[in-house]
Every structure is written in structure tokens, then in C-alpha cells.
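Participant: This is the structure, below, for whatever I ask next.
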Amino acid sequence: MGEDIPNKEIEARFLEIDVPEMVKKLLLMGAKDLGEELLEETIFYDPEKRWLKEKKMVRLRKTPTKQLLTYKHTKSDGPEGTEEIEMSVDDLAKTRQLLEALGLKAFRFQEKKRRVFLWDGVHISIDEHPMVPPYLEIEGPSEQLIKDAARAMELDWSKARFESSRDFIEKIYQIPLTGLSTYTFKKIE
């Protein structure tokens, strides 16, 4: 038997950032700029949407350089509260067919722009969704490293958010993502 592989996603978000100021800080800190890309995602739930209450989802994501299948289950509202299992896939259409054959349903197609930086073992992303001010996401192997990165960027840890982007977009910006089938920069319905 193999060892259990930890599948914890450890991250914190900081909303409504000043992008030029944050990029300047990151570059002055010596963060490596990995560039910006457009992420295209299809979000799957069970047909009855029980997963929404259980805070579970499956995401099929396409970037310019890779395609990923991700299962997420948010178990608590904290930096280490989300279980995440992610893998590369070669064929998006076949993967979608597999998910649908397993009984999952594609509920939403969405886009976001992401600019990624790497600093001291953490990934720092500036994310932009349609109709939502840019926010910063810090993800790393431990809560302490995430806190260290936030401190280096002069961010107030008491303002860190740990819920999913869907949750804060719905709560704060009143965009009903769970009821939308398309959430892109050109079309929202």
C-alpha cells in the first residue's frame, strides 16, 4: 500500500487590490513573474446540486499550457480547509464525457484572468473575474509561509478570506454564480 498523499489546498485571498501597486511590491520583493493567462473552466456538480450545500465541485480547466481536472471539497473556512485533488488531462472532451457518464452535470462555463508570481515557495496570483475587482490569492505548502508572504506584501492578515471564489463573489458582489450557465468577459447569463 502506498502512503496517503495530502490533498490540502492551503490558501488565502485578499480582495480589491491595487494591481499596479501589488505588482510593484512583488517585483521589489524579488518574486518571479510567471506571466498572465486566461483560464477557461467548466464547473460540474451532481445533478440535484447537493454538492453546493456540501461545498464540493469538479472543475475542468484549460490554460494556454495545460488542462487540469480538479475535485474540491471545502470542509472548513480556514487556510487549510479545502481538500483538493488535481491532475493533468490530455483530452478535455473525453474527460467531460467521463464526468457526465459518472452522473455529473456541467453547470457553468467561466473565465478568469490570472497573473502568477512565485516567491519563497508560494504561488501568488492576481485574479480577475468578470465584474469583480481584482484580488490576490496566496497559495503555499503551509499557513506560516502564506502568512509570511502576506506580511512581506504588507497585507493585513485579519482581512484574509478563505472561502471559495464562488462564495465571496456571490456574497460580496451579488453575482449569482450558482444560477449562471456562462460567466465570461464577453457574456454573462
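By order in the C-alpha cells, chains are A, B, ...; within a chain, residues start at 1; ligands start at 1, following the order shown.
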With only C-alpha atoms as the counted atoms, please give the residues lying no more than 10 Å from range 172-178 of chain A, apart from itself and same-chain residues fewer than 2 positions off, as number ranges by chain.

Facilitator: A: 43, 49, 52, 107-108, 110, 130-133, 165-170, 180-183, 188-189

Participant: Go ahead and dump the residues you just picked, C-alpha atoms, as a PDB file, in the first residue's frame.

Facilitator:
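The result, stored in out.pdb:
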```
ATOM      1  CA  ILE A  43     -17.793  23.625 -13.232  1.00  0.00           C
ATOM      2  CA  LYS A  49     -26.867  20.344  -6.793  1.00  0.00           C
ATOM      3  CA  LEU A  52     -23.420  23.186  -3.471  1.00  0.00           C
ATOM      4  CA  PHE A 107     -23.492  23.790 -14.736  1.00  0.00           C
ATOM      5  CA  ARG A 108     -21.278  26.744 -15.619  1.00  0.00           C
ATOM      6  CA  GLN A 110     -16.451  30.603 -16.776  1.00  0.00           C
ATOM      7  CA  PRO A 130     -15.884  39.494 -14.896  1.00  0.00           C
ATOM      8  CA  MET A 131     -17.490  42.382 -12.947  1.00  0.00           C
ATOM      9  CA  VAL A 132     -15.326  41.745  -9.848  1.00  0.00           C
ATOM     10  CA  PRO A 133     -12.403  43.898  -8.664  1.00  0.00           C
ATOM     11  CA  SER A 165     -14.172  32.479  -5.021  1.00  0.00           C
ATOM     12  CA  ARG A 166     -17.760  31.458  -5.860  1.00  0.00           C
ATOM     13  CA  ASP A 167     -18.811  32.123  -2.264  1.00  0.00           C
ATOM     14  CA  PHE A 168     -17.282  35.586  -1.951  1.00  0.00           C
ATOM     15  CA  ILE A 169     -18.356  36.638  -5.471  1.00  0.00           C
ATOM     16  CA  GLU A 170     -21.945  35.739  -4.588  1.00  0.00           C
ATOM     17  CA  LEU A 180     -25.419  31.250 -14.235  1.00  0.00           C
ATOM     18  CA  SER A 181     -24.533  28.942 -17.119  1.00  0.00           C
ATOM     19  CA  THR A 182     -21.978  31.359 -18.640  1.00  0.00           C
ATOM     20  CA  TYR A 183     -19.706  33.741 -16.728  1.00  0.00           C
ATOM     21  CA  ILE A 188     -22.915  36.542 -18.565  1.00  0.00           C
ATOM     22  CA  GLU A 189     -26.154  34.562 -18.457  1.00  0.00           C
TER      23      GLU A 189
END
```

Participant: Identify all residues of range 112-189 of chain A in strand (DSSP E) (DSSP on the backbone) and supply them as a list of chain:residue names.

Facilitator: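 Residues meeting the strand (DSSP E) criterion: A:Lys112, A:Lys113, A:Arg114, A:Arg115, A:Val116, A:Phe117, A:Leu118, A:Trp119, A:Val122, A:His123, A:Ile124, A:Ser125, A:Ile126, A:Asp127, A:Glu128, A:Tyr135, A:Leu136, A:Glu137, A:Ile138, A:Glu139, A:Thr182, A:Tyr183.
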
Participant: Nearest to Arg161 in chain A among A:Asp90, A:Asp77, A:Glu37, A:Asp120, with distances taken over only C-alpha atoms: which residue is it?

Facilitator: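 Result for the nearest residue to Arg161 in chain A: A:Asp77.
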
Participant: Calculated over only C-alpha atoms, which of the candidates A:Leu69, A:Leu98, A:Leu136, A:Ala152 has the smallest distance to Arg115 in chain A?

Facilitator: A:Leu136

Participant: Record the distance separating CA of Lys94 in chain A and CA of Leu60 in chain A, expressed in Å with one decimal.

Facilitator: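 Computed distance, CA of Lys94 in chain A to CA of Leu60 in chain A, equals 11.2 Å.
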
Participant: Can you tell me how far CA of Met153 in chain A sits from CA of Glu80 in chain A, in Å to one decimal?

Facilitator: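 CA of Glu80 in chain A lies 20.6 Å from CA of Met153 in chain A.
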
Participant: Just the number, please: distance in Å from CA of His129 in chain A to CA of Leu38 in chain A, one decimal.

Facilitator: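 A separation of 10.2 Å between them.
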
Participant: Do a neighbour search on Arg96 in chain A at 10 Å with only C-alpha atoms, toss out local chain neighbours closer than 4 positions, and write the hits as a list in words.

Facilitator: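 These residues fall inside the cut-off: Thr42, Phe44, Arg59, Leu60, Leu69, Asp91, Leu92, Glu100, Ala101, Leu102, Leu104, Lys105 and Ala106 of chain A.
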
Participant: I need the alpha helix (DSSP H) residues of range 3-185 of chain A per DSSP on the backbone, written as a PyMOL selection string.

Facilitator: chain A and resi 19-29+50-54+92-101+143-152+165-173

Participant: Do a neighbour search on Leu155 in chain A at 8 Å with only C-alpha atoms, toss out local chain neighbours closer than 4 positions, and write the hits as a ChimeraX atom specification.

Facilitator: /A:14,150-151

Participant: So, with only C-alpha atoms as the atoms that count, which of A:Pro47, A:Thr70, A:Glu111, A:Trp157 lies closest to Gln144 in chain A?

Facilitator: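 Among the listed residues, A:Trp157 lies closest to Gln144 in chain A.
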
Participant: What's the 12 Å shell around Ser125 in chain A, counting only C-alpha atoms, without same-chain residues fewer than 4 positions away, as a PyMOL selection string?

Facilitator: chain A and resi 11-15+17+19+22-23+26+31-37+112-119+134-140+149

Participant: Pick the closest to Lys62 in chain A from A:Ala160, A:Val122, A:Leu39, A:Leu145: which is it, counting only C-alpha atoms?

Facilitator: A:Leu39
